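**Student:** Contents of input02.txt (compact mmCIF, C-alpha atoms) are given next:
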```txt
# COMPACT_ATOMS: atom_id res chain seq x y z
CA MET S 1 -61.58 -2.44 81.72
CA LYS S 2 -61.94 -5.76 83.53
CA ILE S 3 -61.59 -5.59 87.32
CA ARG S 4 -59.80 -8.68 88.62
CA HIS S 5 -60.41 -10.31 91.98
CA PRO S 6 -57.31 -12.47 92.52
CA ASP S 7 -57.20 -15.23 95.11
CA LEU S 8 -53.90 -14.38 96.79
CA ASN S 9 -54.28 -17.20 99.32
CA ASP S 10 -54.07 -20.00 96.75
CA GLN S 11 -50.63 -21.58 97.17
CA THR S 12 -51.11 -24.51 94.78
CA ILE S 13 -51.63 -22.68 91.48
CA ASN S 14 -50.20 -19.21 92.04
CA PRO S 15 -46.53 -20.36 92.08
CA GLU S 16 -47.06 -21.88 88.61
CA HIS S 17 -48.69 -18.66 87.38
CA GLU S 18 -45.82 -16.62 88.78
CA ALA S 19 -43.29 -18.80 86.99
CA LEU S 20 -45.16 -18.29 83.71
CA GLY S 21 -45.50 -14.54 84.21
CA LEU S 22 -49.28 -14.75 84.72
CA PRO S 23 -51.34 -12.89 87.34
CA PRO S 24 -52.66 -14.78 90.39
CA VAL S 25 -55.58 -17.10 89.79
CA GLU S 26 -58.96 -15.41 90.14
CA TYR S 27 -61.24 -15.99 93.14
CA ALA S 28 -64.14 -16.74 90.77
CA VAL S 29 -62.23 -19.78 89.52
CA THR S 30 -60.89 -21.17 92.81
CA HIS S 31 -64.35 -20.73 94.40
CA ALA S 32 -66.48 -21.48 91.33
CA GLN S 33 -68.79 -23.71 93.39
CA GLU S 34 -69.99 -20.60 95.24
CA HIS S 35 -71.40 -19.00 92.08
CA PRO S 36 -75.23 -19.41 92.07
CA VAL S 37 -75.41 -20.50 88.40
CA LEU S 38 -72.69 -23.13 88.72
CA ARG S 39 -74.04 -24.28 92.08
CA LEU S 40 -77.49 -24.75 90.54
CA ALA S 41 -75.89 -26.62 87.64
CA SER S 42 -74.10 -28.97 90.05
CA TYR S 43 -77.37 -29.69 91.88
CA LEU S 44 -78.98 -30.42 88.53
CA ILE S 45 -76.21 -32.89 87.64
CA VAL S 46 -76.67 -34.76 90.92
CA ALA S 47 -80.46 -34.83 90.50
CA ILE S 48 -80.18 -36.22 86.94
CA LEU S 49 -77.69 -38.93 87.95
CA VAL S 50 -79.78 -40.05 90.97
CA SER S 51 -82.94 -40.09 88.84
CA LEU S 52 -81.26 -42.17 86.14
CA VAL S 53 -79.94 -44.71 88.64
CA GLY S 54 -83.42 -45.03 90.16
CA TYR S 55 -85.02 -45.36 86.72
CA PHE S 56 -82.64 -48.10 85.57
CA ILE S 57 -83.07 -50.09 88.80
CA TYR S 58 -86.86 -49.83 88.47
CA ARG S 59 -86.84 -50.91 84.81
CA LEU S 60 -84.49 -53.79 85.55
CA PHE S 61 -86.39 -55.35 88.47
CA TRP S 62 -89.94 -53.96 88.32
CA GLY S 63 -90.34 -52.88 84.70
CA GLY S 64 -92.90 -55.56 83.97
CA GLY S 65 -90.99 -57.16 81.10
CA PRO S 66 -91.12 -60.88 80.22
CA ALA S 67 -87.76 -61.53 81.90
CA SER S 68 -86.76 -60.78 85.48
CA GLY S 69 -83.82 -58.54 86.38
CA LEU S 70 -81.65 -61.53 87.33
CA GLU S 71 -82.45 -63.24 84.01
CA LEU S 72 -81.47 -60.11 82.10
CA ILE S 73 -78.18 -59.89 84.02
CA GLU S 74 -77.46 -63.58 83.36
CA GLY S 75 -78.23 -63.10 79.67
CA ALA S 76 -75.85 -60.16 79.46
CA LEU S 77 -73.06 -62.11 81.16
CA ASN S 78 -73.44 -64.88 78.57
CA ASN S 79 -73.47 -62.46 75.63
CA PRO S 80 -70.13 -61.98 73.80
CA LEU S 81 -71.17 -58.44 72.85
CA PHE S 82 -71.30 -57.52 76.54
CA TRP S 83 -67.72 -58.67 77.14
CA THR S 84 -66.56 -56.92 73.98
CA ALA S 85 -68.08 -53.70 75.30
CA VAL S 86 -66.47 -54.31 78.73
CA GLY S 87 -63.05 -54.52 77.07
CA VAL S 88 -63.75 -51.39 75.01
CA GLY S 89 -64.98 -49.50 78.10
CA LEU S 90 -61.91 -50.59 80.06
CA LEU S 91 -59.52 -49.36 77.38
CA ALA S 92 -61.45 -46.15 76.69
CA GLN S 93 -61.65 -45.18 80.37
CA ILE S 94 -57.95 -45.89 80.93
CA ILE S 95 -57.16 -43.50 78.08
CA ASP S 96 -59.71 -40.90 79.19
CA GLY S 97 -58.62 -41.10 82.83
CA ALA S 98 -55.00 -40.63 81.87
CA LEU S 99 -55.51 -37.83 79.32
CA GLY S 100 -58.83 -36.23 80.30
CA MET S 101 -60.17 -36.88 76.78
CA ALA S 102 -60.68 -39.43 74.00
CA TYR S 103 -63.21 -41.75 75.73
CA GLY S 104 -65.78 -41.20 72.99
CA ILE S 105 -63.54 -41.58 69.97
CA THR S 106 -61.82 -44.63 71.48
CA ALA S 107 -65.09 -46.38 72.38
CA THR S 108 -66.74 -45.55 69.05
CA THR S 109 -63.70 -46.62 67.04
CA PHE S 110 -63.66 -50.07 68.63
CA LEU S 111 -67.46 -50.51 68.60
CA LEU S 112 -67.45 -49.78 64.87
CA ALA S 113 -64.65 -52.32 64.46
CA ALA S 114 -66.82 -54.84 66.36
CA GLY S 115 -69.60 -54.33 63.79
CA ALA S 116 -71.91 -51.88 65.58
CA PRO S 117 -73.81 -49.41 63.31
CA PRO S 118 -72.75 -45.74 63.67
CA ALA S 119 -75.95 -44.68 65.49
CA MET S 120 -75.66 -47.67 67.85
CA ALA S 121 -71.97 -46.99 68.57
CA SER S 122 -72.49 -43.26 69.21
CA GLY S 123 -75.68 -43.80 71.21
CA ALA S 124 -74.15 -46.46 73.48
CA THR S 125 -71.05 -44.34 74.03
CA HIS S 126 -73.01 -41.24 75.04
CA LEU S 127 -75.42 -43.15 77.27
CA ALA S 128 -72.47 -44.68 79.14
CA GLU S 129 -70.71 -41.30 79.31
CA VAL S 130 -73.56 -39.62 81.20
CA PHE S 131 -72.29 -40.98 84.53
CA THR S 132 -68.57 -40.45 83.92
CA THR S 133 -69.02 -36.86 82.69
CA GLY S 134 -71.35 -36.02 85.58
CA VAL S 135 -68.91 -37.18 88.26
CA SER S 136 -66.01 -35.58 86.40
CA GLY S 137 -67.78 -32.23 86.06
CA ILE S 138 -68.67 -31.99 89.76
CA SER S 139 -65.14 -33.01 90.75
CA HIS S 140 -63.63 -30.26 88.61
CA LEU S 141 -66.04 -27.72 90.09
CA LYS S 142 -65.16 -28.69 93.67
CA LEU S 143 -61.43 -28.57 92.90
CA GLY S 144 -61.63 -25.04 91.46
CA ASN S 145 -60.95 -26.02 87.84
CA VAL S 146 -64.05 -24.41 86.28
CA ASN S 147 -64.22 -21.01 84.59
CA LYS S 148 -67.86 -19.81 84.53
CA ARG S 149 -67.36 -17.59 81.48
CA LEU S 150 -65.87 -20.44 79.46
CA VAL S 151 -68.62 -22.88 80.51
CA LEU S 152 -71.37 -20.48 79.43
CA SER S 153 -69.58 -19.82 76.12
CA LEU S 154 -69.39 -23.56 75.41
CA LEU S 155 -72.75 -24.78 76.64
CA LEU S 156 -75.43 -23.62 74.18
CA PRO S 157 -73.36 -23.86 70.94
CA GLY S 158 -72.15 -27.32 72.00
CA ILE S 159 -75.69 -28.59 72.61
CA ILE S 160 -76.93 -27.17 69.29
CA GLY S 161 -74.03 -28.81 67.45
CA ALA S 162 -74.73 -32.13 69.20
CA LEU S 163 -78.42 -32.04 68.23
CA LEU S 164 -77.52 -31.30 64.60
CA GLY S 165 -75.12 -34.24 64.65
CA ALA S 166 -77.78 -36.55 66.11
CA TYR S 167 -80.21 -35.50 63.35
CA VAL S 168 -77.66 -36.31 60.64
CA LEU S 169 -76.69 -39.61 62.24
CA THR S 170 -80.26 -40.85 62.58
CA ASN S 171 -81.49 -39.72 59.15
CA VAL S 172 -78.65 -41.01 56.97
CA ASP S 173 -77.94 -44.68 56.28
CA GLY S 174 -75.28 -46.02 58.64
CA GLN S 175 -73.34 -47.81 55.93
CA VAL S 176 -73.02 -44.55 54.00
CA LEU S 177 -71.72 -42.75 57.10
CA LYS S 178 -69.23 -45.41 58.22
CA PRO S 179 -66.41 -44.44 55.79
CA PHE S 180 -66.72 -40.74 56.69
CA ILE S 181 -66.79 -41.44 60.44
CA SER S 182 -63.79 -43.76 60.20
CA ALA S 183 -61.91 -41.13 58.18
CA TYR S 184 -62.78 -38.51 60.79
CA LEU S 185 -61.55 -40.78 63.58
CA LEU S 186 -58.32 -41.36 61.66
CA LEU S 187 -57.77 -37.60 61.42
CA MET S 188 -58.55 -37.22 65.12
CA GLY S 189 -56.03 -39.93 65.93
CA LEU S 190 -53.35 -38.12 63.94
CA TYR S 191 -54.36 -34.84 65.59
CA VAL S 192 -54.04 -36.29 69.09
CA PHE S 193 -50.64 -37.73 68.10
CA SER S 194 -49.48 -34.30 66.86
CA LYS S 195 -50.34 -32.67 70.21
CA ALA S 196 -47.37 -34.51 71.73
CA PHE S 197 -45.01 -32.24 69.81
CA LYS S 198 -46.67 -28.84 70.25
CA VAL S 199 -45.35 -26.21 72.65
CA ILE S 200 -48.10 -24.19 74.39
CA LYS S 201 -47.91 -20.51 75.33
CA LEU S 202 -50.58 -19.46 77.79
CA LYS S 203 -53.09 -16.67 77.14
CA ARG S 204 -54.79 -14.73 79.89
CA ASP S 205 -58.23 -14.02 78.46
CA ILE S 206 -61.06 -15.99 76.85
CA GLU S 207 -62.64 -14.67 73.64
CA ALA S 208 -66.24 -15.92 73.77
CA LYS S 209 -66.92 -15.09 70.11
CA LYS S 210 -64.18 -17.53 69.07
CA VAL S 211 -65.24 -20.22 71.54
CA ALA S 212 -68.84 -20.54 70.28
CA PRO S 213 -68.03 -21.74 66.71
CA LEU S 214 -65.51 -24.19 68.14
CA ALA S 215 -68.12 -25.57 70.56
CA LEU S 216 -70.69 -25.85 67.74
CA PHE S 217 -68.26 -27.83 65.59
CA GLY S 218 -67.06 -29.92 68.53
CA GLY S 219 -70.62 -30.84 69.54
CA PHE S 220 -71.53 -31.79 65.97
CA MET S 221 -68.46 -33.98 65.46
CA ASP S 222 -68.80 -35.49 68.93
CA THR S 223 -72.22 -36.88 68.02
CA THR S 224 -71.59 -37.93 64.42
CA GLY S 225 -68.24 -39.51 65.27
CA GLY S 226 -69.29 -40.81 68.68
CA GLY S 227 -66.61 -38.67 70.31
CA GLY S 228 -64.35 -35.69 69.79
CA TRP S 229 -65.61 -33.02 72.16
CA GLY S 230 -62.47 -33.24 74.29
CA PRO S 231 -59.91 -33.65 71.49
CA ILE S 232 -61.48 -30.88 69.40
CA VAL S 233 -62.47 -28.30 72.03
CA THR S 234 -59.94 -28.95 74.80
CA THR S 235 -56.91 -29.39 72.58
CA SER S 236 -57.86 -26.42 70.38
CA LEU S 237 -58.26 -24.08 73.36
CA VAL S 238 -55.14 -25.34 75.12
CA GLY S 239 -53.22 -25.29 71.86
CA ALA S 240 -54.30 -21.67 71.36
CA GLY S 241 -52.77 -20.81 74.73
CA HIS S 242 -55.63 -21.02 77.24
CA ASP S 243 -54.89 -22.26 80.75
CA PRO S 244 -54.93 -26.11 80.57
CA ARG S 245 -56.29 -26.61 84.08
CA THR S 246 -59.40 -24.43 83.79
CA THR S 247 -59.90 -25.39 80.14
CA ILE S 248 -60.03 -29.11 80.93
CA GLY S 249 -62.28 -28.52 83.94
CA SER S 250 -64.68 -26.21 82.11
CA VAL S 251 -64.91 -28.39 79.00
CA ASN S 252 -65.61 -31.45 81.18
CA PHE S 253 -68.28 -29.58 83.16
CA ALA S 254 -70.06 -28.45 79.98
CA GLU S 255 -69.72 -31.91 78.45
CA PHE S 256 -72.20 -33.43 80.91
CA PHE S 257 -75.09 -31.32 79.58
CA LEU S 258 -74.08 -32.03 75.99
CA THR S 259 -73.88 -35.76 76.73
CA VAL S 260 -77.29 -35.81 78.46
CA THR S 261 -78.84 -34.05 75.46
CA VAL S 262 -77.38 -36.55 73.01
CA ALA S 263 -78.24 -39.53 75.23
CA ALA S 264 -81.86 -38.34 75.54
CA THR S 265 -82.07 -38.00 71.75
CA PHE S 266 -80.74 -41.51 71.11
CA PHE S 267 -82.77 -42.96 74.00
CA THR S 268 -85.99 -42.54 72.04
CA ILE S 269 -84.77 -44.10 68.77
CA LEU S 270 -82.38 -46.94 69.69
CA ASP S 271 -83.68 -50.48 70.21
CA SER S 272 -83.15 -52.57 73.33
CA SER S 273 -79.95 -54.18 72.01
CA VAL S 274 -78.04 -50.96 72.78
CA TRP S 275 -78.19 -51.70 76.51
CA ILE S 276 -75.75 -54.59 76.12
CA PHE S 277 -73.16 -52.11 74.85
CA VAL S 278 -74.06 -49.50 77.46
CA ALA S 279 -73.79 -51.97 80.33
CA GLY S 280 -70.47 -53.29 79.05
CA LEU S 281 -68.97 -49.84 78.56
CA THR S 282 -70.09 -48.77 82.04
CA VAL S 283 -68.76 -51.88 83.80
CA GLY S 284 -65.46 -51.70 81.93
CA GLY S 285 -65.14 -48.02 82.79
CA LEU S 286 -65.71 -48.66 86.50
CA PHE S 287 -62.87 -51.17 86.67
CA ALA S 288 -60.54 -48.93 84.63
CA ALA S 289 -60.16 -46.10 87.17
CA PRO S 290 -57.24 -47.58 89.16
CA PHE S 291 -55.44 -48.59 85.96
CA ALA S 292 -55.79 -45.05 84.61
CA ALA S 293 -54.26 -43.64 87.79
CA PHE S 294 -51.38 -46.14 87.55
CA ILE S 295 -50.68 -45.29 83.90
CA THR S 296 -50.86 -41.55 84.55
CA ARG S 297 -48.33 -41.94 87.37
CA HIS S 298 -45.80 -43.90 85.34
CA LEU S 299 -46.08 -42.52 81.79
CA GLN S 300 -45.44 -39.00 80.54
CA THR S 301 -48.29 -37.10 78.86
CA ARG S 302 -46.34 -36.93 75.60
CA THR S 303 -45.98 -40.72 75.57
CA LEU S 304 -49.68 -41.19 76.28
CA LEU S 305 -50.67 -38.81 73.48
CA MET S 306 -48.48 -40.69 71.02
CA LEU S 307 -49.87 -44.08 72.09
CA VAL S 308 -53.50 -42.96 71.93
CA GLY S 309 -53.09 -41.19 68.59
CA THR S 310 -51.38 -44.22 67.08
CA LEU S 311 -53.98 -46.65 68.45
CA ILE S 312 -56.98 -44.70 67.15
CA SER S 313 -55.33 -44.12 63.76
CA VAL S 314 -54.43 -47.80 63.27
CA VAL S 315 -57.91 -49.07 64.19
CA SER S 316 -59.51 -46.45 61.92
CA VAL S 317 -57.28 -47.57 59.03
CA VAL S 318 -58.39 -51.17 59.65
CA ASN S 319 -62.06 -50.06 59.64
CA LEU S 320 -61.56 -48.20 56.36
CA SER S 321 -59.76 -51.16 54.78
CA LYS S 322 -62.73 -53.40 55.64
CA LEU S 323 -65.15 -50.96 54.05
CA PHE S 324 -63.19 -50.58 50.81
```
Write out the structure in this file as structure tokens.

**Tutor:**
Amino acid sequence: MKIRHPDLNDQTINPEHEALGLPPVEYAVTHAQEHPVLRLASYLIVAILVSLVGYFIYRLFWGGGPASGLELIEGALNNPLFWTAVGVGLLAQIIDGALGMAYGITATTFLLAAGAPPAMASGATHLAEVFTTGVSGISHLKLGNVNKRLVLSLLLPGIIGALLGAYVLTNVDGQVLKPFISAYLLLMGLYVFSKAFKVIKLKRDIEAKKVAPLALFGGFMDTTGGGGWGPIVTTSLVGAGHDPRTTIGSVNFAEFFLTVTVAATFFTILDSSVWIFVAGLTVGGLFAAPFAAFITRHLQTRTLLMLVGTLISVVSVVNLSKLF
């Protein structure tokens, strides 16, 4: 029998639990940052992000290439692909900031439409996502939105699935994969749209044996399709009745490690042209944060789900029509 340790002092979440007939939120969730494993994981996230920033600055200005850092920046600003990626990153981050998901599938859908190969689109998306998922994961941990048991259930299967997806994506011709990826993105768009009409009944417990296969599938599809971890894992768990707050927080926290794994895999095989897309996605995402907050404040979640699902589905249909 599980012995609960409720946090009776939490006055922000407990009233909602009481209204739903649920027990008080557990201390292990509201104070997740105090757990040694999760605390170590948060330190690791910060260390990776700081190291990456230092590495990119070094490569840009002191990397010893034929062009200086300022020349590379000027070249990017004059490249239409950079501004295309900025627009894609802006749109994707607005959607992700408002819904807590769909950055990957939105960015990949539009990069494919712009002519990027599948491996390039997925690689650029995951490289840009490293920073957004890292900040998001730490924020959720500090705000008490992370369930340690769920994170540990998601982590290893998700990483294995992502590595399998990266292997498939880099060993199969991109033109052969494009129709399948576009079809997958179309289905994901319809799935996101359908979530607007589903009523959720909350469950109290997490069944780890059911979470692992879902994480494996979500990680695989996230890599091959350039996105889908959130729509597959988060929406499936929430749709099955798991607490939305801790599900979103835990899935986001685990996503950083999955994204770093995929980014590291693509880092060794993609050519230098990917950095135009990465830079554009990152810059667009940085400017999107206030717009995401504005949209979230003024539009209902159901409306956002319908808009995002429709947008992804329409663009995927256009991609498929071009291929056939």

**Student:** Quick one, how far is atom CA of S:Ile138 from atom CA of S:Val283?

**Tutor:**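 A separation of 20.8 Å between them.
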
**Student:** Could you jot down the atom CA of S:Leu186 to atom CA of S:Val86 separation for me, Å, one decimal place?

**Tutor:**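 Interatomic distance, atom CA of S:Leu186 to atom CA of S:Val86: 22.9 Å.
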
**Student:** Select, from S:Gly123, S:Gly165, S:Leu40, S:Leu154, the residue with the minimum atom-to-atom distance to S:Leu237, counting only C-alpha atoms.

**Tutor:** S:Leu154

**Student:** Restricting the calculation to all atoms listed in the file: of S:Ala107, S:Ile57, S:Met221, S:Val130, which residue gets closest to S:Ala166?

**Tutor:**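 So, comparing all the options, the nearest one is S:Met221.
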
**Student:** Go ahead and compute the interatomic distance for atom CA of S:Ala162 and atom CA of S:Glu129, in Å to one decimal.

**Tutor:** 14.2 Å

**Student:** Each residue of stretch 122-233 of chain S lying at most 12 Å from stretch 252-261 of chain S should get a row with its shortest atom-to-atom pair and the distance in Å to one decimal, counting only C-alpha atoms; could you produce that, ordered by chain and increasing number, as a Markdown table?

**Tutor:**
```
| residue | atom | partner | partner_atom | distance |
| --- | --- | --- | --- | --- |
| S:Ser122 | CA | S:Thr259 | CA | 10.7 |
| S:Gly123 | CA | S:Thr259 | CA | 9.9 |
| S:Ala124 | CA | S:Thr259 | CA | 11.2 |
| S:Thr125 | CA | S:Thr259 | CA | 9.4 |
| S:His126 | CA | S:Thr259 | CA | 5.8 |
| S:Leu127 | CA | S:Thr259 | CA | 7.6 |
| S:Ala128 | CA | S:Thr259 | CA | 9.3 |
| S:Glu129 | CA | S:Thr259 | CA | 6.9 |
| S:Val130 | CA | S:Thr259 | CA | 5.9 |
| S:Phe131 | CA | S:Phe256 | CA | 8.4 |
| S:Thr132 | CA | S:Phe256 | CA | 8.5 |
| S:Thr133 | CA | S:Phe256 | CA | 5.0 |
| S:Gly134 | CA | S:Phe256 | CA | 5.4 |
| S:Val135 | CA | S:Phe256 | CA | 8.9 |
| S:Ser136 | CA | S:Asn252 | CA | 6.7 |
| S:Gly137 | CA | S:Phe253 | CA | 4.0 |
| S:Ile138 | CA | S:Phe253 | CA | 7.0 |
| S:Ser139 | CA | S:Phe253 | CA | 8.9 |
| S:His140 | CA | S:Phe253 | CA | 7.2 |
| S:Leu141 | CA | S:Phe253 | CA | 7.5 |
| S:Lys142 | CA | S:Phe253 | CA | 11.0 |
| S:Leu143 | CA | S:Phe253 | CA | 12.0 |
| S:Gly144 | CA | S:Phe253 | CA | 11.6 |
| S:Asn145 | CA | S:Phe253 | CA | 9.4 |
| S:Val146 | CA | S:Phe253 | CA | 7.4 |
| S:Asn147 | CA | S:Phe253 | CA | 9.6 |
| S:Lys148 | CA | S:Phe253 | CA | 9.9 |
| S:Arg149 | CA | S:Ala254 | CA | 11.3 |
| S:Leu150 | CA | S:Ala254 | CA | 9.1 |
| S:Val151 | CA | S:Ala254 | CA | 5.8 |
| S:Leu152 | CA | S:Ala254 | CA | 8.1 |
| S:Ser153 | CA | S:Ala254 | CA | 9.5 |
| S:Leu154 | CA | S:Ala254 | CA | 6.7 |
| S:Leu155 | CA | S:Ala254 | CA | 5.6 |
| S:Leu156 | CA | S:Leu258 | CA | 8.7 |
| S:Pro157 | CA | S:Leu258 | CA | 9.6 |
| S:Gly158 | CA | S:Leu258 | CA | 6.5 |
| S:Ile159 | CA | S:Leu258 | CA | 5.1 |
| S:Ile160 | CA | S:Leu258 | CA | 8.8 |
| S:Gly161 | CA | S:Leu258 | CA | 9.1 |
| S:Ala162 | CA | S:Leu258 | CA | 6.8 |
| S:Leu163 | CA | S:Thr261 | CA | 7.5 |
| S:Leu164 | CA | S:Thr261 | CA | 11.3 |
| S:Gly165 | CA | S:Thr261 | CA | 11.4 |
| S:Ala166 | CA | S:Thr261 | CA | 9.7 |
| S:Ala215 | CA | S:Ala254 | CA | 10.0 |
| S:Leu216 | CA | S:Leu258 | CA | 10.9 |
| S:Gly218 | CA | S:Leu258 | CA | 10.5 |
| S:Gly219 | CA | S:Leu258 | CA | 7.4 |
| S:Phe220 | CA | S:Leu258 | CA | 10.3 |
| S:Asp222 | CA | S:Thr259 | CA | 9.3 |
| S:Thr223 | CA | S:Thr259 | CA | 8.9 |
| S:Gly226 | CA | S:Thr259 | CA | 10.6 |
| S:Gly227 | CA | S:Thr259 | CA | 10.1 |
| S:Gly228 | CA | S:Glu255 | CA | 10.9 |
| S:Trp229 | CA | S:Glu255 | CA | 7.6 |
| S:Gly230 | CA | S:Asn252 | CA | 7.8 |
| S:Pro231 | CA | S:Asn252 | CA | 11.5 |
| S:Val233 | CA | S:Asn252 | CA | 10.2 |
```

**Student:** Just the residues within 10 Å of S:Ala119, please, counting all atoms listed in the file, with nothing from its chain fewer than 4 positions along; format it as a ChimeraX atom specification.

**Tutor:** /S:108,112,123-125,166,168-174,177-178,223-226,266,269-270,274

**Student:** Using all atoms listed in the file, which residues sit within 10 Å of S:Gly284 once same-chain residues fewer than 6 positions away are excluded, as a list in words?

**Tutor:**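 That gives Phe82, Trp83, Thr84, Ala85, Val86, Gly87, Val88, Gly89, Leu90, Leu91, Ala92, Gln93, Ile94 and Val278 of chain S.
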
**Student:** For a quick check of understanding, using only C-alpha atoms, which of S:Ser316, S:Ala114, S:Lys210, S:Ile181 has the smallest distance to S:Pro80?

**Tutor:** S:Ala114

**Student:** Name the closest residue to S:Ala113 among the candidates S:Met188, S:Ser272, S:Val315, S:Ser321; distances are taken between atoms, counting all atoms listed in the file.

**Tutor:**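 Result for the nearest residue to S:Ala113: S:Val315.
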
**Student:** Could you give me the centre and size, in Å to one decimal, of an axis-aligned box around all listed atoms of stretch 225-242 of chain S with 8 Å added on every side, as JSON?

**Tutor:**
```
{"center_x": -61.0, "center_y": -30.8, "center_z": 71.3, "size_x": 32.5, "size_y": 36.0, "size_z": 28.0}
```

**Student:** Complete the atom set of stretch 130-144 of chain S to N, CA and C atoms and return it as a compact mmCIF listing (two decimals), keeping the file's coordinate frame.

**Tutor:**
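The result, written out as selection-v7.txt:
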```txt
# COMPACT_ATOMS: atom_id res chain seq x y z
N VAL S 130 -72.78 -40.51 80.33
CA VAL S 130 -73.56 -39.62 81.20
C VAL S 130 -73.01 -39.65 82.63
N PHE S 131 -72.74 -40.84 83.14
CA PHE S 131 -72.29 -40.98 84.53
C PHE S 131 -70.85 -40.49 84.71
N THR S 132 -69.98 -40.85 83.77
CA THR S 132 -68.57 -40.45 83.92
C THR S 132 -68.41 -38.93 83.79
N THR S 133 -69.14 -38.31 82.85
CA THR S 133 -69.02 -36.86 82.69
C THR S 133 -69.64 -36.11 83.86
N GLY S 134 -70.72 -36.67 84.43
CA GLY S 134 -71.35 -36.02 85.58
C GLY S 134 -70.43 -35.98 86.78
N VAL S 135 -69.84 -37.12 87.12
CA VAL S 135 -68.91 -37.18 88.26
C VAL S 135 -67.69 -36.32 87.99
N SER S 136 -67.19 -36.38 86.76
CA SER S 136 -66.01 -35.58 86.40
C SER S 136 -66.28 -34.09 86.51
N GLY S 137 -67.45 -33.65 86.02
CA GLY S 137 -67.78 -32.23 86.06
C GLY S 137 -67.87 -31.69 87.48
N ILE S 138 -68.54 -32.43 88.36
CA ILE S 138 -68.67 -31.99 89.76
C ILE S 138 -67.31 -31.97 90.44
N SER S 139 -66.48 -32.96 90.15
CA SER S 139 -65.14 -33.01 90.75
C SER S 139 -64.32 -31.80 90.35
N HIS S 140 -64.37 -31.44 89.07
CA HIS S 140 -63.63 -30.26 88.61
C HIS S 140 -64.15 -28.99 89.26
N LEU S 141 -65.46 -28.90 89.45
CA LEU S 141 -66.04 -27.72 90.09
C LEU S 141 -65.56 -27.60 91.53
N LYS S 142 -65.58 -28.70 92.27
CA LYS S 142 -65.16 -28.69 93.67
C LYS S 142 -63.68 -28.39 93.82
N LEU S 143 -62.88 -28.78 92.83
CA LEU S 143 -61.43 -28.57 92.90
C LEU S 143 -61.00 -27.21 92.36
N GLY S 144 -61.96 -26.38 91.94
CA GLY S 144 -61.63 -25.04 91.46
C GLY S 144 -61.02 -25.02 90.07
```
